[in-house]
Structures are given as C-alpha cells and as structure tokens.
>>> print(open('model_24.txt').read())   # compact mmCIF, C-alpha atoms
# COMPACT_ATOMS: atom_id res chain seq x y z
CA MET A 1 -34.87 -17.03 -2.99
CA ASN A 2 -32.99 -13.79 -3.05
CA PRO A 3 -29.43 -14.64 -2.07
CA GLN A 4 -28.72 -11.09 -0.94
CA HIS A 5 -31.19 -11.15 1.92
CA LEU A 6 -29.13 -12.89 4.57
CA ASN A 7 -31.17 -12.92 7.72
CA ALA A 8 -28.30 -13.39 10.11
CA SER A 9 -26.25 -10.36 9.18
CA SER A 10 -27.36 -7.99 6.45
CA LEU A 11 -25.02 -5.59 4.75
CA LYS A 12 -26.49 -2.74 6.75
CA SER A 13 -25.89 -4.31 10.15
CA ARG A 14 -22.38 -5.48 9.19
CA PHE A 15 -21.46 -1.99 8.05
CA THR A 16 -23.08 -0.33 11.09
CA ARG A 17 -21.24 -2.55 13.53
CA ARG A 18 -17.86 -1.95 11.91
CA PHE A 19 -18.39 1.76 11.44
CA LEU A 20 -19.53 2.36 15.03
CA ARG A 21 -16.55 0.42 16.29
CA ALA A 22 -14.25 2.60 14.19
CA LEU A 23 -16.02 5.75 15.36
CA THR A 24 -15.51 4.89 19.04
CA LYS A 25 -11.85 4.26 18.32
CA ILE A 26 -11.51 7.61 16.58
CA ASN A 27 -13.38 9.29 19.41
CA ALA A 28 -11.02 7.74 21.95
CA GLN A 29 -8.04 9.28 20.20
CA LYS A 30 -9.39 12.77 20.81
CA PRO A 31 -6.80 15.22 22.11
CA ILE A 32 -7.80 17.89 24.63
CA SER A 33 -8.18 20.61 22.01
CA SER A 34 -10.60 18.64 19.92
CA SER A 35 -12.51 21.61 18.55
CA SER A 36 -9.80 23.29 16.52
CA PRO A 37 -10.54 23.38 12.80
CA ARG A 38 -7.40 21.45 12.01
CA GLU A 39 -8.38 18.66 14.38
CA ILE A 40 -11.87 18.60 12.94
CA PHE A 41 -10.49 18.35 9.44
CA GLN A 42 -8.13 15.53 10.34
CA ARG A 43 -10.90 13.65 12.07
CA TYR A 44 -13.16 14.18 9.08
CA GLY A 45 -10.57 12.46 6.91
CA ARG A 46 -10.31 9.59 9.35
CA ILE A 47 -14.07 9.18 9.59
CA LYS A 48 -14.46 9.16 5.83
CA ALA A 49 -11.73 6.56 5.45
CA ALA A 50 -13.31 4.52 8.24
CA ALA A 51 -16.69 4.63 6.50
CA ASP A 52 -15.22 3.48 3.19
CA LYS A 53 -13.15 0.84 4.91
CA SER A 54 -16.10 -0.46 6.92
CA MET A 55 -18.19 -0.75 3.79
CA ALA A 56 -15.47 -2.42 1.78
CA ASN A 57 -14.80 -4.85 4.63
CA SER A 58 -18.49 -5.68 4.91
CA VAL A 59 -18.40 -6.72 1.27
CA ARG A 60 -14.93 -8.33 1.55
CA SER A 61 -13.46 -9.72 -1.64
CA ARG A 62 -16.74 -10.70 -3.21
CA ARG A 63 -16.70 -7.65 -5.44
CA THR A 64 -14.00 -6.12 -7.59
CA TRP A 65 -14.72 -2.62 -6.38
CA SER A 66 -14.39 -3.58 -2.73
CA ARG A 67 -11.08 -5.30 -3.40
CA ALA A 68 -9.85 -2.20 -5.23
CA MET A 69 -10.99 0.09 -2.43
CA LEU A 70 -9.39 -2.04 0.28
CA TRP A 71 -6.18 -2.08 -1.74
CA LYS A 72 -6.29 1.70 -2.11
CA LEU A 73 -6.92 2.26 1.62
CA ARG A 74 -4.20 -0.16 2.67
CA SER A 75 -1.60 1.31 0.34
CA ARG A 76 -2.53 4.79 1.55
CA SER A 77 -2.09 3.85 5.22
CA TYR A 78 1.16 2.08 4.38
CA ARG A 79 2.36 5.22 2.64
CA GLN A 80 1.40 7.35 5.64
CA ALA A 81 3.13 5.00 8.06
CA SER A 82 6.36 4.97 6.10
CA SER A 83 6.33 8.62 5.12
CA GLY A 84 9.83 9.04 6.49
CA ARG A 85 11.33 6.42 4.21
CA ARG A 86 11.24 7.11 0.48
CA SER A 87 9.90 3.72 -0.48
CA ALA A 88 9.02 3.00 -4.11
CA VAL A 89 5.27 3.43 -3.99
CA LYS A 90 4.97 4.01 -7.74
CA THR A 91 4.86 0.28 -8.34
CA SER A 92 1.75 0.01 -6.22
CA THR A 93 -0.64 1.23 -8.93
CA THR A 94 0.50 -1.34 -11.48
CA THR A 95 0.36 -4.19 -8.97
CA SER A 96 -3.14 -3.18 -7.93
CA HIS A 97 -4.27 -3.38 -11.54
CA GLN A 98 -2.63 -6.77 -11.86
CA ALA A 99 -4.32 -7.98 -8.73
CA ILE A 100 -7.68 -6.88 -10.08
CA ARG A 101 -7.04 -8.37 -13.50
CA LYS A 102 -6.22 -11.71 -11.94
CA LYS A 103 -9.74 -11.97 -10.62
CA THR A 104 -11.50 -10.74 -13.75
CA ASN A 105 -11.53 -12.37 -17.17
CA HIS A 106 -9.01 -11.29 -19.75
CA GLU A 107 -11.58 -9.82 -22.07
CA LYS A 108 -10.92 -6.95 -24.39
CA GLU A 109 -13.42 -4.19 -23.96
CA ASN A 110 -16.08 -4.63 -26.61
CA LYS A 111 -17.77 -1.43 -27.60
CA PRO A 112 -21.54 -1.81 -27.97
CA THR A 113 -22.72 -2.12 -31.53
CA LYS A 114 -25.20 0.76 -31.36
CA THR A 115 -25.06 3.38 -34.07
CA GLY A 116 -25.21 7.14 -34.01
CA GLU A 117 -24.49 9.65 -31.33
CA ASP A 118 -25.87 7.41 -28.65
CA GLN A 119 -22.89 5.12 -29.00
CA VAL A 120 -20.39 7.94 -28.57
CA GLY A 121 -22.23 9.33 -25.57
CA PHE A 122 -22.43 5.85 -24.11
CA VAL A 123 -18.71 5.25 -24.39
CA VAL A 124 -17.87 8.65 -22.94
CA GLN A 125 -20.16 8.06 -19.99
CA ALA A 126 -18.73 4.59 -19.49
CA ASP A 127 -15.25 6.08 -19.19
CA GLU A 128 -16.52 8.65 -16.72
CA LEU A 129 -18.09 5.84 -14.75
CA ARG A 130 -14.78 4.02 -14.69
CA GLU A 131 -13.21 6.91 -12.84
CA LEU A 132 -15.96 6.98 -10.24
CA VAL A 133 -16.18 3.30 -9.40
CA PRO A 134 -13.07 2.02 -7.57
CA GLY A 135 -11.18 -0.40 -9.73
CA GLY A 136 -13.22 0.53 -12.74
CA GLU A 137 -10.28 1.10 -15.04
CA ALA A 138 -9.49 -2.57 -15.28
CA MET A 139 -13.03 -3.81 -15.84
CA ASP A 140 -14.76 -4.66 -19.05
CA LEU A 141 -18.12 -3.12 -19.82
CA CYS A 142 -20.38 -5.85 -18.50
CA ASN A 143 -18.53 -6.16 -15.22
CA LEU A 144 -18.40 -2.40 -14.91
CA LEU A 145 -22.18 -2.07 -15.10
CA ASP A 146 -22.65 -4.94 -12.69
CA GLU A 147 -20.16 -3.56 -10.17
CA THR A 148 -21.71 -0.11 -10.48
CA ALA A 149 -25.12 -1.44 -9.48
CA HIS A 150 -23.70 -3.10 -6.38
CA TYR A 151 -21.54 -0.07 -5.57
CA ILE A 152 -24.57 2.22 -5.69
CA LYS A 153 -26.51 -0.11 -3.42
CA CYS A 154 -23.69 -0.09 -0.87
CA LEU A 155 -23.22 3.68 -1.10
CA THR A 156 -26.91 4.29 -0.39
CA THR A 157 -26.71 1.96 2.61
CA GLN A 158 -23.64 3.85 3.83
CA VAL A 159 -25.40 7.22 3.49
CA GLN A 160 -28.52 5.87 5.21
CA VAL A 161 -26.61 4.58 8.23
CA MET A 162 -24.42 7.68 8.54
CA LYS A 163 -27.50 9.90 8.40
CA LYS A 164 -29.08 7.93 11.23
CA ILE A 165 -25.93 8.24 13.33
CA VAL A 166 -25.71 11.98 12.73
CA ASP A 167 -29.35 12.36 13.71
CA PHE A 168 -28.80 10.48 16.95
CA TYR A 169 -25.72 12.50 17.83
CA SER A 170 -27.39 15.81 17.18
CA LEU A 171 -30.29 15.13 19.50
CA MET B 1 -19.52 -27.89 -38.29
CA SER B 2 -16.24 -26.16 -39.02
CA SER B 3 -17.99 -22.82 -39.38
CA ARG B 4 -19.56 -23.23 -35.97
CA ARG B 5 -16.23 -24.08 -34.46
CA SER B 6 -14.52 -21.08 -36.03
CA ARG B 7 -17.35 -18.82 -34.87
CA SER B 8 -17.04 -20.05 -31.31
CA LYS B 9 -13.30 -19.46 -31.51
CA GLN B 10 -14.01 -15.92 -32.62
CA THR B 11 -16.36 -15.10 -29.77
CA GLY B 12 -14.87 -17.33 -27.05
CA GLY B 13 -17.34 -15.79 -24.62
CA SER B 14 -15.88 -12.33 -25.20
CA ARG B 15 -18.54 -10.87 -27.51
CA ILE B 16 -20.94 -8.89 -25.33
CA THR B 17 -24.38 -8.74 -26.88
CA ASP B 18 -26.51 -5.64 -26.98
CA ASP B 19 -29.19 -7.47 -25.04
CA GLN B 20 -26.84 -8.14 -22.17
CA ILE B 21 -25.88 -4.50 -22.03
CA ASN B 22 -29.50 -3.40 -22.23
CA ASP B 23 -30.39 -5.70 -19.36
CA LEU B 24 -27.62 -4.29 -17.21
CA VAL B 25 -28.52 -0.73 -18.11
CA THR B 26 -32.15 -1.42 -17.18
CA LYS B 27 -31.01 -2.86 -13.89
CA LEU B 28 -29.01 0.30 -13.22
CA GLN B 29 -31.95 2.45 -14.14
CA GLN B 30 -34.03 0.83 -11.41
CA LEU B 31 -31.56 2.04 -8.83
CA LEU B 32 -31.57 5.67 -9.88
CA PRO B 33 -34.11 7.73 -8.01
CA GLU B 34 -34.91 10.26 -10.72
CA ILE B 35 -35.61 8.18 -13.78
CA ARG B 36 -36.84 5.09 -12.00
CA ASN B 37 -40.41 6.14 -12.47
CA ARG B 38 -40.14 7.07 -16.11
CA HIS B 39 -40.98 4.58 -18.80
CA SER B 40 -37.89 2.52 -19.47
CA ASP B 41 -38.23 2.67 -23.26
CA LYS B 42 -37.79 6.40 -23.50
CA VAL B 43 -34.48 6.67 -21.67
CA SER B 44 -31.35 6.07 -23.70
CA ALA B 45 -28.44 4.08 -22.32
CA ALA B 46 -26.13 7.09 -22.43
CA LYS B 47 -28.60 9.06 -20.35
CA VAL B 48 -28.79 6.26 -17.79
CA LEU B 49 -25.00 6.21 -17.50
CA GLN B 50 -24.90 9.97 -17.17
CA GLU B 51 -27.50 9.91 -14.41
CA THR B 52 -25.54 7.11 -12.76
CA CYS B 53 -22.37 9.20 -12.74
CA ASN B 54 -24.23 12.19 -11.32
CA TYR B 55 -25.87 10.01 -8.69
CA ILE B 56 -22.57 8.46 -7.59
CA ARG B 57 -21.01 11.92 -7.37
CA SER B 58 -23.89 13.21 -5.26
CA LEU B 59 -23.60 10.17 -2.98
CA HIS B 60 -19.88 10.82 -2.56
CA ARG B 61 -20.65 14.44 -1.68
CA GLU B 62 -23.23 13.30 0.87
CA VAL B 63 -20.72 10.95 2.49
CA ASP B 64 -18.22 13.81 2.67
CA ASP B 65 -20.78 16.13 4.19
CA LEU B 66 -21.93 13.54 6.74
CA SER B 67 -18.34 12.72 7.69
CA GLU B 68 -17.67 16.38 8.30
CA ARG B 69 -20.77 16.77 10.47
CA LEU B 70 -19.85 13.65 12.40
CA SER B 71 -16.38 15.02 12.99
CA GLU B 72 -17.79 18.26 14.38
CA LEU B 73 -20.31 16.41 16.53
CA LEU B 74 -17.65 14.10 17.93
CA ALA B 75 -15.84 17.17 19.18
CA THR B 76 -18.74 18.02 21.43
CA THR B 77 -20.34 14.78 22.62
CA ASP B 78 -19.02 11.97 24.76
CA THR B 79 -18.45 8.32 24.03
CA ALA B 80 -21.23 6.90 26.16
CA GLN B 81 -23.68 7.78 23.46
CA ALA B 82 -21.92 5.54 20.97
CA ALA B 83 -22.75 2.49 23.02
CA ILE B 84 -26.37 3.60 23.26
CA ILE B 85 -26.56 4.15 19.53
CA ARG B 86 -25.04 0.78 18.83
CA SER B 87 -27.58 -1.01 20.97
CA LEU B 88 -30.43 0.96 19.43
CA LEU B 89 -29.39 0.30 15.85
CA MET B 90 -28.82 -3.40 16.37
CA GLN B 91 -32.45 -4.05 17.18
>>> encode(input="model_24.txt", output="structure tokens")
Amino acid sequence: MNPQHLNASSLKSRFTRRFLRALTKINAQKPISSSSPREIFQRYGRIKAAADKSMANSVRSRRTWSRAMLWKLRSRSYRQASSGRRSAVKTSTTTSHQAIRKKTNHEKENKPTKTGEDQVGFVVQADELRELVPGGEAMDLCNLLDETAHYIKCLTTQVQVMKKIVDFYSL
Amino acid sequence: MSSRRSRSKQTGGSRITDDQINDLVTKLQQLLPEIRNRHSDKVSAAKVLQETCNYIRSLHREVDDLSERLSELLATTDTAQAAIIRSLLMQ
C-alpha cells in the first residue's frame, strides 16, 4: 500500500545502523587527551558529518537532495585529504550542478500565477528554501517542494535517533 | 487540431499548475508541527514556506546541538556501551 513502509529495513533502522557504526569508528580514534575543547570541537564536526552522511547513504541516490549532500561531503573530504596540493576545486561546484541537472528535467522555473503580495512572498520564501535544502538551487519549484517534504521527514528521523542515543549515553 | 498541437508544444509538460503547487504546499503543511492543526484554508502558501524554512533551520540547530553533546559524551564513556545501544535499538 504505502511504498515507504518497508518492513525489512526502514529508514530509521538503516540510518541508526550506519550512524552507530560511524560513531564507534570515531570513538576508536580517540587520542589520550580526548577532553580538550579542541578535540571535542573536531569530534563534533566529525559526528555531524557522519550523521549527514549516514542519512544521505540511507536514502542513496533516490532523492536529489541526498545525491547533492553526498556529493558535497565527498568533495569536502577530498579537499581535506589533498589540502597540501592546490588542486582546482573551483570546478567542483559547476560539475555538481551538472550532475544534479542530469537527473532532473530541464524545466525552466515557472513562477506560480498567484496575484498580489502572496506571490512575492512565495517566491522569496522559495528562494530561501533553496538555500536550506541541499541541491535546491538546481531544482524547479515542484521538485523543490517534493524534495523538501522528504528532507524534513529524514531530518526528523535523524533528530529522533540522535536524541535516543544521547539519552542512552547520558544514563 | 492544430491549436491543440501548438498548445501542447507550448506547455510540453513544463507548465506547473496552481493546483499542483497547492497540493504540494498542503503536503508540506502536514509535516510542520505548528500549523498542522490549523485549518488548511486559512494558511497562505508563503506562510507555509516560511514555517518550513524556520522548521528546517531549527532541525539543523538541533542536529548541531545533539552532535556537540554526543562529542562531549564520547569523551567520557567507553565503547562497550555502543554495542549495547546498537542491540537495544535494533529490536
């Protein structure tokens, strides 16, 4: 009936498995002085990236936003790995847009035909939304709204699971 | 006949109708915690998008906050608990 309710592995369990695996890996890399603020800050960055990566991997390429996020994370780690060499990373943003455009239709953005202030406010908010949703710049309006709904669903799952983990750890 | 053909060439599947947008906006509205309970007719589409932006920003902030707390907690606890948590959450 509802294609999103896969009994075998739901989004929540896929994300949880991946995220916990990443957390144990991060925990294993702990140095001896693991309580210094700098270490905590670095680990915070790694945990956040791991959470986003786990979520994007649980969705794979089925969604434009997950593809965009995976692309962003991979290019960031590539940049960090090759920080010594001055490689031309500027081209990465254009290629990411091209990669996203390949998967979406070549439709010009059609502004809604509402009249009055509501239309202006709508368009302004839509642009704001584009900045928040990964890969939103290259989407047309319909896809943007669709991707946003899925993105919000995944974000709430992510927050739910992370809250549970924090609660367990702080017992 | 020719008029129909020219019209279809014009749209070519690229004209997004207001109804489509309204449907999507309604779908979004159902996900937002604050205005989910309000009557759908009274909330404008711009307001829904604004609430969506605010909600996504607050979710991002929550993820940041939780990541920070996790990082601090990892500094003090050991790895055996991770295996316990995994087994508990998989049930």
>>> closest_atom_pairs(input="model_24.txt", of="chain B", to="chain A", cutoff="9 Å", atoms="all atoms listed in the file", output="JSON lines")
{"residue": "B:Gly13", "atom": "CA", "partner": "A:Glu107", "partner_atom": "CA", "distance": 8.7}
{"residue": "B:Ser14", "atom": "CA", "partner": "A:Glu107", "partner_atom": "CA", "distance": 5.9}
{"residue": "B:Arg15", "atom": "CA", "partner": "A:Asn110", "partner_atom": "CA", "distance": 6.8}
{"residue": "B:Ile16", "atom": "CA", "partner": "A:Asn110", "partner_atom": "CA", "distance": 6.6}
{"residue": "B:Thr17", "atom": "CA", "partner": "A:Pro112", "partner_atom": "CA", "distance": 7.6}
{"residue": "B:Asp18", "atom": "CA", "partner": "A:Pro112", "partner_atom": "CA", "distance": 6.4}
{"residue": "B:Gln20", "atom": "CA", "partner": "A:Cys142", "partner_atom": "CA", "distance": 7.8}
{"residue": "B:Ile21", "atom": "CA", "partner": "A:Cys142", "partner_atom": "CA", "distance": 6.7}
{"residue": "B:Leu24", "atom": "CA", "partner": "A:Leu145", "partner_atom": "CA", "distance": 6.2}
{"residue": "B:Val25", "atom": "CA", "partner": "A:Leu145", "partner_atom": "CA", "distance": 7.1}
{"residue": "B:Lys27", "atom": "CA", "partner": "A:Ala149", "partner_atom": "CA", "distance": 7.5}
{"residue": "B:Leu28", "atom": "CA", "partner": "A:Ala149", "partner_atom": "CA", "distance": 5.7}
{"residue": "B:Leu31", "atom": "CA", "partner": "A:Ala149", "partner_atom": "CA", "distance": 7.3}
{"residue": "B:Leu32", "atom": "CA", "partner": "A:Ile152", "partner_atom": "CA", "distance": 8.9}
{"residue": "B:Ser44", "atom": "CA", "partner": "A:Asp118", "partner_atom": "CA", "distance": 7.5}
{"residue": "B:Ala45", "atom": "CA", "partner": "A:Phe122", "partner_atom": "CA", "distance": 6.5}
{"residue": "B:Ala46", "atom": "CA", "partner": "A:Phe122", "partner_atom": "CA", "distance": 4.2}
{"residue": "B:Lys47", "atom": "CA", "partner": "A:Phe122", "partner_atom": "CA", "distance": 7.9}
{"residue": "B:Val48", "atom": "CA", "partner": "A:Phe122", "partner_atom": "CA", "distance": 9.0}
{"residue": "B:Leu49", "atom": "CA", "partner": "A:Gln125", "partner_atom": "CA", "distance": 5.7}
{"residue": "B:Gln50", "atom": "CA", "partner": "A:Gln125", "partner_atom": "CA", "distance": 5.8}
{"residue": "B:Thr52", "atom": "CA", "partner": "A:Leu129", "partner_atom": "CA", "distance": 7.8}
{"residue": "B:Cys53", "atom": "CA", "partner": "A:Leu129", "partner_atom": "CA", "distance": 5.8}
{"residue": "B:Tyr55", "atom": "CA", "partner": "A:Ile152", "partner_atom": "CA", "distance": 8.4}
{"residue": "B:Ile56", "atom": "CA", "partner": "A:Ile152", "partner_atom": "CA", "distance": 6.8}
{"residue": "B:Arg57", "atom": "CA", "partner": "A:Leu132", "partner_atom": "CA", "distance": 7.6}
{"residue": "B:Leu59", "atom": "CA", "partner": "A:Leu155", "partner_atom": "CA", "distance": 6.8}
{"residue": "B:His60", "atom": "CA", "partner": "A:Leu155", "partner_atom": "CA", "distance": 8.0}
{"residue": "B:Glu62", "atom": "CA", "partner": "A:Val159", "partner_atom": "CA", "distance": 7.0}
{"residue": "B:Val63", "atom": "CA", "partner": "A:Val159", "partner_atom": "CA", "distance": 6.1}
{"residue": "B:Asp64", "atom": "CA", "partner": "A:Lys48", "partner_atom": "CA", "distance": 6.8}
{"residue": "B:Leu66", "atom": "CA", "partner": "A:Met162", "partner_atom": "CA", "distance": 6.6}
{"residue": "B:Ser67", "atom": "CA", "partner": "A:Tyr44", "partner_atom": "CA", "distance": 5.6}
{"residue": "B:Glu68", "atom": "CA", "partner": "A:Tyr44", "partner_atom": "CA", "distance": 5.1}
{"residue": "B:Arg69", "atom": "CA", "partner": "A:Val166", "partner_atom": "CA", "distance": 7.2}
{"residue": "B:Leu70", "atom": "CA", "partner": "A:Val166", "partner_atom": "CA", "distance": 6.1}
{"residue": "B:Ser71", "atom": "CA", "partner": "A:Tyr44", "partner_atom": "CA", "distance": 5.1}
{"residue": "B:Glu72", "atom": "CA", "partner": "A:Ile40", "partner_atom": "CA", "distance": 6.1}
{"residue": "B:Leu73", "atom": "CA", "partner": "A:Tyr169", "partner_atom": "CA", "distance": 6.8}
{"residue": "B:Leu74", "atom": "CA", "partner": "A:Asn27", "partner_atom": "CA", "distance": 6.6}
{"residue": "B:Ala75", "atom": "CA", "partner": "A:Ser34", "partner_atom": "CA", "distance": 5.5}
{"residue": "B:Thr76", "atom": "CA", "partner": "A:Ser35", "partner_atom": "CA", "distance": 7.7}
{"residue": "B:Thr77", "atom": "CA", "partner": "A:Tyr169", "partner_atom": "CA", "distance": 7.6}
{"residue": "B:Asp78", "atom": "CA", "partner": "A:Asn27", "partner_atom": "CA", "distance": 8.2}
{"residue": "B:Thr79", "atom": "CA", "partner": "A:Thr24", "partner_atom": "CA", "distance": 6.7}
{"residue": "B:Gln81", "atom": "CA", "partner": "A:Tyr169", "partner_atom": "CA", "distance": 7.6}
{"residue": "B:Ala82", "atom": "CA", "partner": "A:Thr24", "partner_atom": "CA", "distance": 6.7}
{"residue": "B:Ala83", "atom": "CA", "partner": "A:Thr24", "partner_atom": "CA", "distance": 8.6}
{"residue": "B:Ile85", "atom": "CA", "partner": "A:Phe168", "partner_atom": "CA", "distance": 7.2}
{"residue": "B:Arg86", "atom": "CA", "partner": "A:Leu20", "partner_atom": "CA", "distance": 6.9}
{"residue": "B:Leu89", "atom": "CA", "partner": "A:Thr16", "partner_atom": "CA", "distance": 7.9}
{"residue": "B:Met90", "atom": "CA", "partner": "A:Ser13", "partner_atom": "CA", "distance": 6.9}
>>> atom_distance(input="model_24.txt", atom1="atom CA of B:Ser87", atom2="atom CA of A:Lys53")
21.7 Å
>>> atom_distance(input="model_24.txt", atom1="atom CA of A:Gln80", atom2="atom CA of A:Met55")
21.3 Å
>>> atom_distance(input="model_24.txt", atom1="atom CA of B:Pro33", atom2="atom CA of A:Phe15")
22.6 Å
>>> residues_around(input="model_24.txt", residues="A:Met69", least_positions_apart="2", cutoff="8 Å", atoms="only C-alpha atoms", output="list in words")
Asp52, Lys53, Ala56, Trp65, Ser66, Arg67, Trp71, Lys72, Leu73, Pro134 and Gly135 of chain A
